[in-house]
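**Q** structure14.cif (mmCIF, C-alpha atoms and all ligand atoms) pasted underneath:
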data_model
loop_
_atom_site.label_atom_id
_atom_site.label_comp_id
_atom_site.auth_asym_id
_atom_site.auth_seq_id
_atom_site.Cartn_x
_atom_site.Cartn_y
_atom_site.Cartn_z
CA MET Z 1 84.05 109.39 92.63
CA ARG Z 2 86.86 107.53 90.91
CA PHE Z 3 90.50 108.61 91.02
CA ALA Z 4 90.87 110.89 87.98
CA THR Z 5 87.50 112.50 88.75
CA ARG Z 6 88.53 113.13 92.35
CA ALA Z 7 91.78 114.72 91.16
CA ILE Z 8 89.77 117.23 89.16
CA HIS Z 9 86.76 117.80 91.44
CA ALA Z 10 87.64 117.15 95.10
CA GLY Z 11 87.93 120.47 96.92
CA GLN Z 12 87.45 122.32 93.63
CA ASP Z 13 83.98 123.83 94.12
CA PRO Z 14 83.32 127.18 92.45
CA ASP Z 15 84.49 130.12 94.55
CA PRO Z 16 81.63 131.05 96.92
CA ALA Z 17 82.42 134.78 96.69
CA THR Z 18 82.55 135.16 92.88
CA GLY Z 19 81.64 131.87 91.22
CA ALA Z 20 85.15 131.56 89.78
CA THR Z 21 85.36 128.02 88.39
CA ILE Z 22 89.00 127.64 89.35
CA VAL Z 23 89.97 128.07 93.00
CA PRO Z 24 91.46 131.58 93.28
CA ILE Z 25 94.91 132.30 94.68
CA TYR Z 26 93.92 133.98 97.95
CA GLN Z 27 97.09 136.02 98.29
CA THR Z 28 96.28 137.45 101.69
CA SER Z 29 97.80 137.09 105.14
CA THR Z 30 94.73 138.24 107.03
CA TYR Z 31 90.91 138.62 106.84
CA THR Z 32 88.75 141.56 107.86
CA GLN Z 33 86.39 140.85 110.72
CA SER Z 34 82.98 142.56 110.93
CA ALA Z 35 83.17 142.58 114.74
CA VAL Z 36 85.68 141.10 117.14
CA GLY Z 37 85.76 137.36 116.50
CA GLN Z 38 83.17 137.59 113.71
CA HIS Z 39 84.61 136.32 110.43
CA LYS Z 40 83.90 133.82 107.67
CA GLY Z 41 86.01 131.03 109.11
CA PHE Z 42 89.30 132.62 108.14
CA ASP Z 43 91.37 134.76 110.50
CA TYR Z 44 95.05 134.42 109.59
CA SER Z 45 96.71 132.60 106.69
CA ARG Z 46 99.24 130.61 108.69
CA THR Z 47 96.22 129.02 110.39
CA VAL Z 48 93.90 128.74 107.40
CA ASN Z 49 93.81 129.92 103.78
CA PRO Z 50 91.10 129.07 101.21
CA THR Z 51 93.56 128.10 98.45
CA ARG Z 52 95.45 125.82 100.81
CA LEU Z 53 92.17 124.32 102.11
CA ALA Z 54 91.15 123.39 98.56
CA LEU Z 55 94.53 121.67 98.01
CA GLU Z 56 94.16 119.79 101.30
CA ALA Z 57 90.70 118.53 100.33
CA GLN Z 58 92.04 117.39 96.94
CA LEU Z 59 95.05 115.54 98.38
CA ALA Z 60 93.01 113.88 101.15
CA ALA Z 61 90.59 112.58 98.50
CA LEU Z 62 93.42 111.19 96.35
CA GLU Z 63 94.84 109.15 99.25
CA ASP Z 64 91.40 107.90 100.43
CA GLY Z 65 92.01 109.99 103.55
CA ALA Z 66 89.72 112.18 105.61
CA TYR Z 67 92.28 114.78 106.71
CA CYS Z 68 95.23 116.54 105.11
CA SER Z 69 97.66 119.22 106.22
CA ALA Z 70 99.74 120.91 103.53
CA PHE Z 71 103.27 122.07 104.28
CA ALA Z 72 105.89 124.28 102.69
CA SER Z 73 108.01 121.25 101.73
CA GLY Z 74 108.16 117.50 102.05
CA MET Z 75 110.73 117.97 104.81
CA ALA Z 76 108.36 120.23 106.76
CA ALA Z 77 105.68 117.53 106.47
CA THR Z 78 108.11 114.87 107.71
CA ALA Z 79 109.18 117.11 110.60
CA ALA Z 80 105.51 117.56 111.56
CA ILE Z 81 105.01 113.79 111.75
CA LEU Z 82 108.16 113.34 113.83
CA ASN Z 83 106.86 116.07 116.13
CA LEU Z 84 104.13 113.66 117.22
CA LEU Z 85 106.91 111.96 119.21
CA SER Z 86 108.58 113.00 122.47
CA ALA Z 87 112.14 112.78 123.78
CA GLY Z 88 112.96 109.18 124.64
CA ASP Z 89 110.86 107.70 121.81
CA HIS Z 90 112.36 105.34 119.27
CA VAL Z 91 111.85 105.17 115.49
CA VAL Z 92 112.43 102.24 113.16
CA ALA Z 93 113.30 103.63 109.73
CA SER Z 94 114.41 102.29 106.38
CA ASP Z 95 118.13 102.08 105.66
CA ASP Z 96 117.43 103.14 102.06
CA MET Z 97 115.55 106.39 101.97
CA TYR Z 98 115.61 109.99 100.86
CA GLY Z 99 118.93 111.54 101.96
CA GLY Z 100 117.24 114.62 103.40
CA THR Z 101 115.04 112.47 105.63
CA TYR Z 102 118.15 110.68 106.92
CA ARG Z 103 119.78 114.08 107.55
CA LEU Z 104 116.74 115.36 109.48
CA PHE Z 105 116.64 112.21 111.61
CA SER Z 106 120.37 111.84 112.25
CA ARG Z 107 121.50 115.46 112.55
CA VAL Z 108 118.48 117.36 113.83
CA LEU Z 109 115.99 115.13 115.64
CA SER Z 110 118.56 112.88 117.33
CA ARG Z 111 119.63 116.00 119.27
CA TYR Z 112 116.10 116.24 120.66
CA GLY Z 113 116.30 112.84 122.30
CA LEU Z 114 114.74 110.71 119.55
CA ASP Z 115 116.46 107.41 118.77
CA PHE Z 116 116.58 105.89 115.30
CA THR Z 117 117.35 102.38 114.10
CA TYR Z 118 117.85 101.96 110.35
CA VAL Z 119 117.03 98.54 108.95
CA ASP Z 120 116.41 96.86 105.63
CA MET Z 121 112.64 97.21 105.72
CA SER Z 122 112.19 94.80 102.83
CA ASN Z 123 113.00 92.16 105.47
CA SER Z 124 110.28 91.93 108.13
CA ASN Z 125 112.49 89.89 110.49
CA ALA Z 126 114.97 92.80 110.50
CA ILE Z 127 112.14 95.19 111.38
CA HIS Z 128 110.90 92.89 114.11
CA SER Z 129 114.28 92.65 115.79
CA ALA Z 130 114.77 96.45 115.68
CA VAL Z 131 111.63 97.11 117.73
CA ARG Z 132 112.14 98.26 121.32
CA PRO Z 133 109.71 98.86 124.18
CA ASN Z 134 109.86 102.61 123.40
CA THR Z 135 109.33 102.26 119.63
CA LYS Z 136 106.68 104.78 118.61
CA LEU Z 137 107.02 105.12 114.87
CA TYR Z 138 107.76 103.02 111.79
CA TRP Z 139 108.97 105.26 108.99
CA LEU Z 140 108.56 103.64 105.59
CA GLU Z 141 109.46 104.64 102.09
CA THR Z 142 108.32 102.29 99.34
CA PRO Z 143 109.60 101.96 96.70
CA THR Z 144 112.79 103.12 98.37
CA ASN Z 145 115.06 105.81 97.07
CA PRO Z 146 117.25 105.19 95.12
CA LEU Z 147 117.33 101.37 95.07
CA LEU Z 148 113.60 100.80 94.43
CA LYS Z 149 113.26 98.16 97.14
CA LEU Z 150 109.75 97.49 98.36
CA VAL Z 151 108.44 97.44 101.88
CA ASP Z 152 105.35 95.33 102.56
CA ILE Z 153 103.13 98.00 104.11
CA ALA Z 154 100.44 95.59 105.36
CA LYS Z 155 103.08 93.41 107.00
CA VAL Z 156 104.60 96.34 108.91
CA CYS Z 157 101.10 97.40 109.99
CA ALA Z 158 100.57 93.87 111.35
CA LEU Z 159 103.65 94.34 113.60
CA ARG Z 160 102.27 97.58 115.03
CA THR Z 161 101.08 97.50 118.63
CA PRO Z 162 98.63 100.02 120.18
CA GLY Z 163 100.20 103.47 120.45
CA GLN Z 164 102.64 102.88 117.60
CA ILE Z 165 102.33 104.78 114.34
CA VAL Z 166 103.06 103.60 110.80
CA ALA Z 167 103.92 106.49 108.47
CA VAL Z 168 104.59 106.01 104.76
CA ASP Z 169 106.43 108.41 102.47
CA ASN Z 170 104.37 107.80 99.32
CA THR Z 171 106.23 110.30 97.13
CA PHE Z 172 107.63 107.76 94.65
CA ALA Z 173 104.49 105.70 94.06
CA THR Z 174 101.89 108.49 94.37
CA PRO Z 175 98.29 107.68 95.36
CA PHE Z 176 97.63 106.76 91.74
CA PHE Z 177 99.68 103.58 92.17
CA GLN Z 178 99.62 102.97 95.92
CA ARG Z 179 97.25 103.83 98.84
CA PRO Z 180 99.05 103.15 102.12
CA LEU Z 181 96.03 104.16 104.27
CA SER Z 182 93.94 101.39 102.77
CA LEU Z 183 96.79 98.95 103.54
CA GLY Z 184 96.59 99.98 107.21
CA ALA Z 185 99.05 102.88 107.53
CA ASP Z 186 98.21 105.67 109.96
CA ILE Z 187 99.76 108.57 108.05
CA VAL Z 188 100.85 109.17 104.47
CA MET Z 189 103.47 111.81 103.76
CA HIS Z 190 104.21 113.43 100.41
CA SER Z 191 106.78 115.65 98.90
CA THR Z 192 104.23 117.24 96.55
CA THR Z 193 107.23 118.88 94.89
CA LYS Z 194 107.55 115.67 92.86
CA TYR Z 195 104.79 113.82 90.98
CA ILE Z 196 101.80 115.47 92.64
CA CYS Z 197 102.74 118.94 91.41
CA GLY Z 198 104.47 117.26 88.51
CA HIS Z 199 105.91 120.28 86.72
CA SER Z 200 109.01 121.05 88.79
CA ASP Z 201 107.75 124.53 89.62
CA SER Z 202 106.93 124.43 93.31
CA ILE Z 203 108.14 122.98 96.61
CA GLY Z 204 105.53 121.49 98.94
CA GLY Z 205 104.57 118.67 101.25
CA ALA Z 206 101.54 117.07 102.85
CA THR Z 207 100.40 114.67 105.55
CA ILE Z 208 97.19 112.67 105.09
CA SER Z 209 95.39 110.51 107.64
CA ASN Z 210 92.09 108.92 108.59
CA ASN Z 211 92.88 109.12 112.29
CA SER Z 212 91.19 112.28 113.63
CA GLU Z 213 93.40 112.44 116.72
CA LEU Z 214 96.64 112.29 114.75
CA ALA Z 215 95.25 114.65 112.12
CA GLU Z 216 94.35 117.20 114.76
CA LEU Z 217 97.86 117.08 116.22
CA LEU Z 218 99.35 117.53 112.73
CA LYS Z 219 97.04 120.48 112.11
CA PHE Z 220 98.08 121.95 115.46
CA HIS Z 221 101.73 121.54 114.51
CA GLN Z 222 101.13 123.09 111.08
CA ASN Z 223 99.86 126.26 112.76
CA ALA Z 224 102.11 126.23 115.84
CA VAL Z 225 105.37 125.77 113.91
CA GLY Z 226 104.19 127.45 110.73
CA GLY Z 227 105.83 125.54 107.87
CA VAL Z 228 102.92 126.30 105.56
CA PRO Z 229 102.86 126.71 101.76
CA GLY Z 230 101.91 130.09 100.35
CA PRO Z 231 98.73 130.34 98.27
CA MET Z 232 100.63 130.50 94.96
CA ASP Z 233 102.42 127.22 95.69
CA ALA Z 234 99.18 125.65 96.91
CA TYR Z 235 97.57 126.68 93.61
CA LEU Z 236 100.40 125.30 91.46
CA THR Z 237 100.33 121.99 93.34
CA MET Z 238 96.56 121.76 92.97
CA ARG Z 239 96.71 122.49 89.26
CA GLY Z 240 99.41 119.89 88.72
CA ALA Z 241 97.56 117.24 90.72
CA LYS Z 242 94.53 117.46 88.41
CA THR Z 243 96.48 115.58 85.71
CA LEU Z 244 98.15 113.07 88.05
CA ALA Z 245 96.35 110.03 86.57
CA LEU Z 246 97.29 110.87 82.98
CA ARG Z 247 100.86 111.67 83.84
CA MET Z 248 101.48 108.62 86.05
CA ARG Z 249 100.25 106.23 83.36
CA LYS Z 250 102.74 107.69 80.89
CA HIS Z 251 105.62 107.90 83.40
CA ALA Z 252 105.19 104.20 84.18
CA GLU Z 253 104.78 103.18 80.54
CA ASN Z 254 107.99 105.00 79.55
CA ALA Z 255 109.91 103.68 82.57
CA GLN Z 256 108.92 100.10 81.75
CA VAL Z 257 110.25 100.45 78.18
CA ILE Z 258 113.49 102.02 79.42
CA ALA Z 259 113.98 99.35 82.10
CA ARG Z 260 113.61 96.62 79.44
CA PHE Z 261 116.00 98.45 77.14
CA LEU Z 262 118.67 98.85 79.83
CA VAL Z 263 118.38 95.29 81.11
CA THR Z 264 119.34 93.87 77.72
CA HIS Z 265 122.15 96.38 77.09
CA ASP Z 266 125.75 95.10 77.28
CA GLU Z 267 127.09 98.19 79.03
CA VAL Z 268 124.57 97.97 81.85
CA GLU Z 269 125.38 95.91 84.91
CA ARG Z 270 122.17 96.01 86.90
CA VAL Z 271 118.73 97.62 86.67
CA TYR Z 272 116.52 98.39 89.64
CA TYR Z 273 112.85 98.68 88.65
CA PRO Z 274 109.90 96.98 90.41
CA GLY Z 275 108.16 96.45 87.07
CA LEU Z 276 110.80 93.97 85.88
CA ASP Z 277 109.95 90.34 86.64
CA THR Z 278 113.60 89.93 87.69
CA HIS Z 279 113.06 92.44 90.53
CA PRO Z 280 113.30 90.40 93.75
CA GLN Z 281 109.98 91.83 94.98
CA HIS Z 282 108.09 91.95 91.72
CA GLU Z 283 105.26 89.85 93.22
CA LEU Z 284 104.86 92.24 96.16
CA ALA Z 285 104.92 95.18 93.74
CA LYS Z 286 102.06 93.61 91.77
CA ARG Z 287 100.09 93.05 94.96
CA GLN Z 288 100.74 96.37 96.68
CA MET Z 289 100.86 98.75 93.73
CA SER Z 290 98.60 99.17 90.72
CA GLY Z 291 101.57 100.25 88.57
CA PHE Z 292 105.33 100.45 88.98
CA GLY Z 293 106.00 104.17 88.72
CA GLY Z 294 108.45 106.28 86.77
CA MET Z 295 111.65 105.91 88.82
CA LEU Z 296 114.45 103.50 88.04
CA SER Z 297 118.11 103.14 88.88
CA PHE Z 298 120.95 101.26 87.19
CA THR Z 299 124.68 100.70 87.32
CA LEU Z 300 127.00 100.83 84.34
CA ARG Z 301 129.81 98.37 83.76
CA GLY Z 302 133.31 99.71 84.10
CA PRO Z 303 134.80 102.29 86.44
CA ALA Z 304 132.50 104.37 88.62
CA SER Z 305 133.75 107.53 86.90
CA ARG Z 306 131.80 106.38 83.86
CA ALA Z 307 128.56 107.09 85.66
CA LEU Z 308 129.61 110.71 86.13
CA ASP Z 309 130.46 111.03 82.42
CA PHE Z 310 127.20 109.42 81.44
CA ALA Z 311 125.15 111.68 83.71
CA LYS Z 312 126.29 114.84 81.97
CA SER Z 313 126.13 113.60 78.40
CA MET Z 314 122.42 113.38 77.70
CA LYS Z 315 120.21 115.72 75.76
CA TYR Z 316 116.74 115.20 77.22
CA PHE Z 317 117.60 113.81 80.65
CA SER Z 318 118.68 116.92 82.53
CA LEU Z 319 121.31 116.37 85.18
CA ALA Z 320 119.40 117.59 88.23
CA GLU Z 321 118.20 116.84 91.75
CA SER Z 322 114.53 116.07 92.28
CA LEU Z 323 112.12 113.87 90.35
CA GLY Z 324 108.55 113.47 89.25
CA GLY Z 325 108.28 116.31 86.74
CA VAL Z 326 107.07 115.89 83.17
CA GLU Z 327 110.68 116.25 81.99
CA SER Z 328 113.20 113.42 82.33
CA LEU Z 329 116.01 113.80 84.82
CA VAL Z 330 119.17 111.87 85.62
CA CYS Z 331 120.97 112.04 88.93
CA HIS Z 332 124.00 110.55 90.62
CA PRO Z 333 122.63 109.71 94.09
CA GLY Z 334 126.07 109.25 95.69
CA ARG Z 335 127.14 112.77 94.84
CA MET Z 336 123.73 114.46 94.77
CA THR Z 337 120.56 113.40 96.63
CA HIS Z 338 122.39 111.05 99.01
CA GLY Z 339 125.56 113.10 99.50
CA ALA Z 340 124.61 113.67 103.16
CA ILE Z 341 125.18 109.95 103.88
CA PRO Z 342 128.84 109.01 104.59
CA LYS Z 343 130.48 107.10 101.71
CA GLU Z 344 131.05 103.87 103.64
CA ASP Z 345 127.38 103.83 104.69
CA ARG Z 346 126.33 104.51 101.09
CA ASP Z 347 128.49 101.69 99.75
CA ALA Z 348 127.19 99.31 102.41
CA ARG Z 349 123.63 100.13 101.35
CA GLY Z 350 124.33 99.68 97.63
CA VAL Z 351 124.29 103.38 96.74
CA THR Z 352 127.66 103.04 95.03
CA ASP Z 353 129.46 105.63 92.92
CA GLY Z 354 128.47 103.72 89.77
CA LEU Z 355 124.75 104.10 90.46
CA LEU Z 356 122.55 106.39 88.37
CA ARG Z 357 118.90 107.22 88.97
CA LEU Z 358 116.44 108.21 86.28
CA SER Z 359 113.22 110.10 86.75
CA VAL Z 360 111.57 109.09 83.51
CA GLY Z 361 109.46 111.90 82.06
CA ILE Z 362 106.51 111.82 79.71
CA GLU Z 363 108.33 112.78 76.51
CA ASP Z 364 108.07 110.56 73.42
CA ILE Z 365 109.72 107.28 74.37
CA GLU Z 366 111.65 107.07 71.07
CA ASP Z 367 113.51 110.29 71.94
CA LEU Z 368 114.36 109.05 75.43
CA ILE Z 369 115.68 105.70 74.15
CA GLU Z 370 117.75 107.46 71.49
CA ASP Z 371 119.20 109.74 74.13
CA LEU Z 372 120.20 106.77 76.31
CA GLN Z 373 121.64 104.89 73.31
CA ILE Z 374 123.84 107.82 72.32
CA ALA Z 375 125.08 108.40 75.88
CA LEU Z 376 125.82 104.68 76.35
CA ALA Z 377 127.76 104.52 73.11
CA ARG Z 378 129.67 107.71 73.84
CA THR Z 379 130.79 106.68 77.32
CA ALA Z 380 131.58 103.13 76.16
CA GLN Z 381 133.99 104.43 73.53
CA ASP Z 382 135.73 106.80 75.91
CA PRO Z 383 139.17 105.21 76.42
CA VAL Z 384 140.20 107.61 79.21
CA VAL Z 385 139.41 106.57 82.74
CA ARG Z 386 139.00 109.74 84.71
CA HIS Z 387 139.10 110.00 88.47
C1 LIG V 401 112.07 115.10 97.70
C2 LIG V 401 111.69 114.07 98.68
C3 LIG V 401 111.46 114.41 100.02
C4 LIG V 401 111.65 115.82 100.54
O1 LIG V 401 110.71 116.70 99.99
P1 LIG V 401 110.98 118.27 99.72
O2 LIG V 401 109.73 118.71 99.08
O3 LIG V 401 112.20 118.37 98.86
O4 LIG V 401 111.22 118.89 101.06
C5 LIG V 401 111.08 113.39 100.87
N1 LIG V 401 110.93 112.12 100.45
C6 LIG V 401 111.15 111.77 99.17
C7 LIG V 401 110.96 110.35 98.76
C8 LIG V 401 111.53 112.72 98.25
O5 LIG V 401 111.77 112.37 96.99
#
Represent the supplied structure as structure tokens.
Ligand SMILES: *Cc1c(COP(=O)(O)O)cnc(C)c1O
**A**
Amino acid sequence: MRFATRAIHAGQDPDPATGATIVPIYQTSTYTQSAVGQHKGFDYSRTVNPTRLALEAQLAALEDGAYCSAFASGMAATAAILNLLSAGDHVVASDDMYGGTYRLFSRVLSRYGLDFTYVDMSNSNAIHSAVRPNTKLYWLETPTNPLLKLVDIAKVCALRTPGQIVAVDNTFATPFFQRPLSLGADIVMHSTTKYICGHSDSIGGATISNNSELAELLKFHQNAVGGVPGPMDAYLTMRGAKTLALRMRKHAENAQVIARFLVTHDEVERVYYPGLDTHPQHELAKRQMSGFGGMLSFTLRGPASRALDFAKSMKYFSLAESLGGVESLVCHPGRMTHGAIPKEDRDARGVTDGLLRLSVGIEDIEDLIEDLQIALARTAQDPVVRH
């Protein structure tokens, strides 16, 4: 089965009880047993639920994986992966990643005796020199958030020694554009909240693997800790994922047009998009990804306050956290998604107060360009520098 076919058919068999073509929302916590221990494979919905199982089969198929565990959020999925480690273990992580992941690592898990080193993972020498004898996990995000840097997944996998795990947060690229497992990664993690669900109407996460041992531990954690999605959220995610191929093509097409538009605009200082041939890792992007995705960031010329004015002055780009929905969004990472990172650390990493991030939706491109043109003109003419 090819990708778009898998998205529609994997895990989506007719309901065995009724023949319903669409997987039903099994809104039940428990299952009646005919005698003690005699049931149809389902005993309690934290452990197993038919709607969630169908979603897990679908997501595993999309990532070329054998096993998937669905979680109540991307953060719950990340926490499950980090729970594979024990006190005293060390993690090498990207210095440019989702702010919530950084918060989980630095403020929660570091109290449990895990050690983290944050490096520029686009530089494999930096990764190499961060490795310690107790390094257990490489945590990758590629493209990174919000600066759209790339990490060479195959190269990191080549550094891995037995017992070490390579985990990739594939939320930005989605399996439509990038398959980390086929590049050698052990585990893929998703915030399904974003492109996979694609309609900004549910929160969810997932881990996918081909390693049965790791998958079993993740499944154990899913049940033991209990960060599971309810059947309604599993259903919404599954429904959204059916159109992933169509949506991702359009997200990337629109983002490419917007990146080219911004790059040539006088008011724009810098554009971060892996699809531009001026992107420092454009060649890696072409090799590692089959498309460049729908996320891009840019900085405006002039005072940083201009970015804040710009962010609130658009018609179709809603000023909001999150990404990956059909509708376009704009966000100010410094004040929003990455607010948990101290300002000096943000500045050092390039997440300056002038930086804006776009999640380019699948609206008509002419409307999106017009919206950007108007906002650029409006903020350019504003003579007042606000602080
Ligand atoms: C949103 C996001 C997360 C966290 O996922 P939630 O579903 O919000 O818990 C993790 N990684 C990336 C790249 C994200 O964009």
**Q** Padding 3 Å on each side, edges along x, y and z: where is the centre of the box around the listed atoms of ligand LIG 401 (chain V), and how long are its edges in Å to one decimal? Output it as AutoDock Vina command-line options.
**A**
--center_x 111.0 --center_y 114.6 --center_z 99.0 --size_x 8.5 --size_y 14.5 --size_z 10.1
**Q** Select the residues contacting ligand LIG 401 (chain V) at a distance of at most 9 Å, based on all atoms listed in the file, then format the selection as a ChimeraX atom specification.
**A** /Z:71-78,97-101,141-146,169-172,189-194,202-205,321-324,337
**Q** The residues within 9 Å of (132.2, 100.8, 87.9), using all atoms listed in the file and the coordinates of the file, should be reported as a PyMOL selection string; which are they?
**A** chain Z and resi 269+299-307+352-355
**Q** If we count all atoms listed in the file and set the cut-off at 9 Å, which residues sit around stretch 82-96 of chain Z, ignoring sequence neighbours fewer than 4 positions away in its own chain? Please answer as an NGL selection string.
**A** :Z and (77-78 or 102 or 105 or 109 or 112-122 or 127 or 130-141 or 144-149 or 151 or 214 or 217-218 or 221 or 349-351)
**Q** Which is closer to Z:Ser45 than all the others in Z:Val228, Z:Ile22, Z:Ile341, Z:Val360, using all atoms listed in the file?
**A**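 Checking each of Z:Val228, Z:Ile22, Z:Ile341, Z:Val360 against Z:Ser45, counting all atoms listed in the file, the winner is Z:Val228.
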**Q** Which polymer residues have any atom within 7 Å of an atom of Z:Ala7, counting all atoms listed in the file, with same-chain residues fewer than 4 positions away left out, as a count of residues only?
**A** 5
**Q** Identify which of the residues Z:Lys155, Z:Arg378, Z:His128, Z:Arg249 lies closest to Z:Gly294, counting all atoms listed in the file when measuring atom-to-atom distances.
**A**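 When distances to Z:Gly294 are compared using all atoms listed in the file, the smallest one comes from Z:Arg249.
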**Q** Which residue, Z:Asp367, Z:Glu327, Z:Asp13, Z:Asp43, has the smallest gap to Z:Tyr31 when you use all atoms listed in the file?
**A**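 The closest residue to Z:Tyr31 is Z:Asp43.
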**Q** Could you write stretch 264-271 of chain Z as a CSV table (one decimal), in the frame of the given file, with all heavy atoms rebuilt where they are missing?
**A**
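Output saved as part-v9.csv:
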chain,number,residue,atom,x,y,z
Z,264,THR,N,118.8,94.7,78.8
Z,264,THR,CA,119.3,93.9,77.7
Z,264,THR,C,120.6,94.5,77.1
Z,264,THR,O,121.2,94.0,76.2
Z,264,THR,CB,118.3,93.7,76.6
Z,264,THR,OG1,117.9,95.0,76.2
Z,264,THR,CG2,117.1,92.9,77.0
Z,265,HIS,N,121.0,95.7,77.7
Z,265,HIS,CA,122.2,96.4,77.1
Z,265,HIS,C,123.5,95.9,77.7
Z,265,HIS,O,123.6,95.8,78.9
Z,265,HIS,CB,122.0,97.9,77.3
Z,265,HIS,CG,122.8,98.7,76.4
Z,265,HIS,ND1,124.2,98.8,76.5
Z,265,HIS,CD2,122.5,99.4,75.3
Z,265,HIS,CE1,124.6,99.6,75.5
Z,265,HIS,NE2,123.6,100.0,74.8
Z,266,ASP,N,124.5,95.6,76.8
Z,266,ASP,CA,125.8,95.1,77.3
Z,266,ASP,C,126.5,96.0,78.3
Z,266,ASP,O,127.2,95.5,79.1
Z,266,ASP,CB,126.7,94.9,76.1
Z,266,ASP,CG,126.2,93.8,75.2
Z,266,ASP,OD1,125.4,93.0,75.7
Z,266,ASP,OD2,126.7,93.7,74.0
Z,267,GLU,N,126.3,97.3,78.2
Z,267,GLU,CA,127.1,98.2,79.0
Z,267,GLU,C,126.5,98.3,80.4
Z,267,GLU,O,127.1,99.0,81.3
Z,267,GLU,CB,127.2,99.6,78.4
Z,267,GLU,CG,127.8,99.6,77.0
Z,267,GLU,CD,129.2,99.2,77.0
Z,267,GLU,OE1,129.9,99.5,78.0
Z,267,GLU,OE2,129.7,98.7,75.9
Z,268,VAL,N,125.3,97.8,80.6
Z,268,VAL,CA,124.6,98.0,81.8
Z,268,VAL,C,124.7,96.7,82.7
Z,268,VAL,O,124.6,95.6,82.3
Z,268,VAL,CB,123.1,98.2,81.6
Z,268,VAL,CG1,122.3,98.3,82.9
Z,268,VAL,CG2,122.9,99.5,80.8
Z,269,GLU,N,125.1,97.0,84.0
Z,269,GLU,CA,125.4,95.9,84.9
Z,269,GLU,C,124.1,95.4,85.6
Z,269,GLU,O,123.8,94.3,85.6
Z,269,GLU,CB,126.4,96.4,86.0
Z,269,GLU,CG,127.0,95.4,86.8
Z,269,GLU,CD,128.1,96.0,87.7
Z,269,GLU,OE1,127.8,96.9,88.5
Z,269,GLU,OE2,129.3,95.7,87.5
Z,270,ARG,N,123.3,96.4,86.1
Z,270,ARG,CA,122.2,96.0,86.9
Z,270,ARG,C,121.1,97.1,86.8
Z,270,ARG,O,121.4,98.3,86.7
Z,270,ARG,CB,122.6,95.9,88.4
Z,270,ARG,CG,121.5,95.3,89.2
Z,270,ARG,CD,122.0,94.6,90.5
Z,270,ARG,NE,120.8,94.3,91.2
Z,270,ARG,CZ,120.8,94.0,92.5
Z,270,ARG,NH1,121.9,94.0,93.2
Z,270,ARG,NH2,119.7,93.7,93.1
Z,271,VAL,N,119.8,96.7,86.7
Z,271,VAL,CA,118.7,97.6,86.7
Z,271,VAL,C,117.8,97.4,87.9
Z,271,VAL,O,117.5,96.2,88.2
Z,271,VAL,CB,117.9,97.4,85.4
Z,271,VAL,CG1,116.8,98.4,85.3
Z,271,VAL,CG2,118.8,97.6,84.1
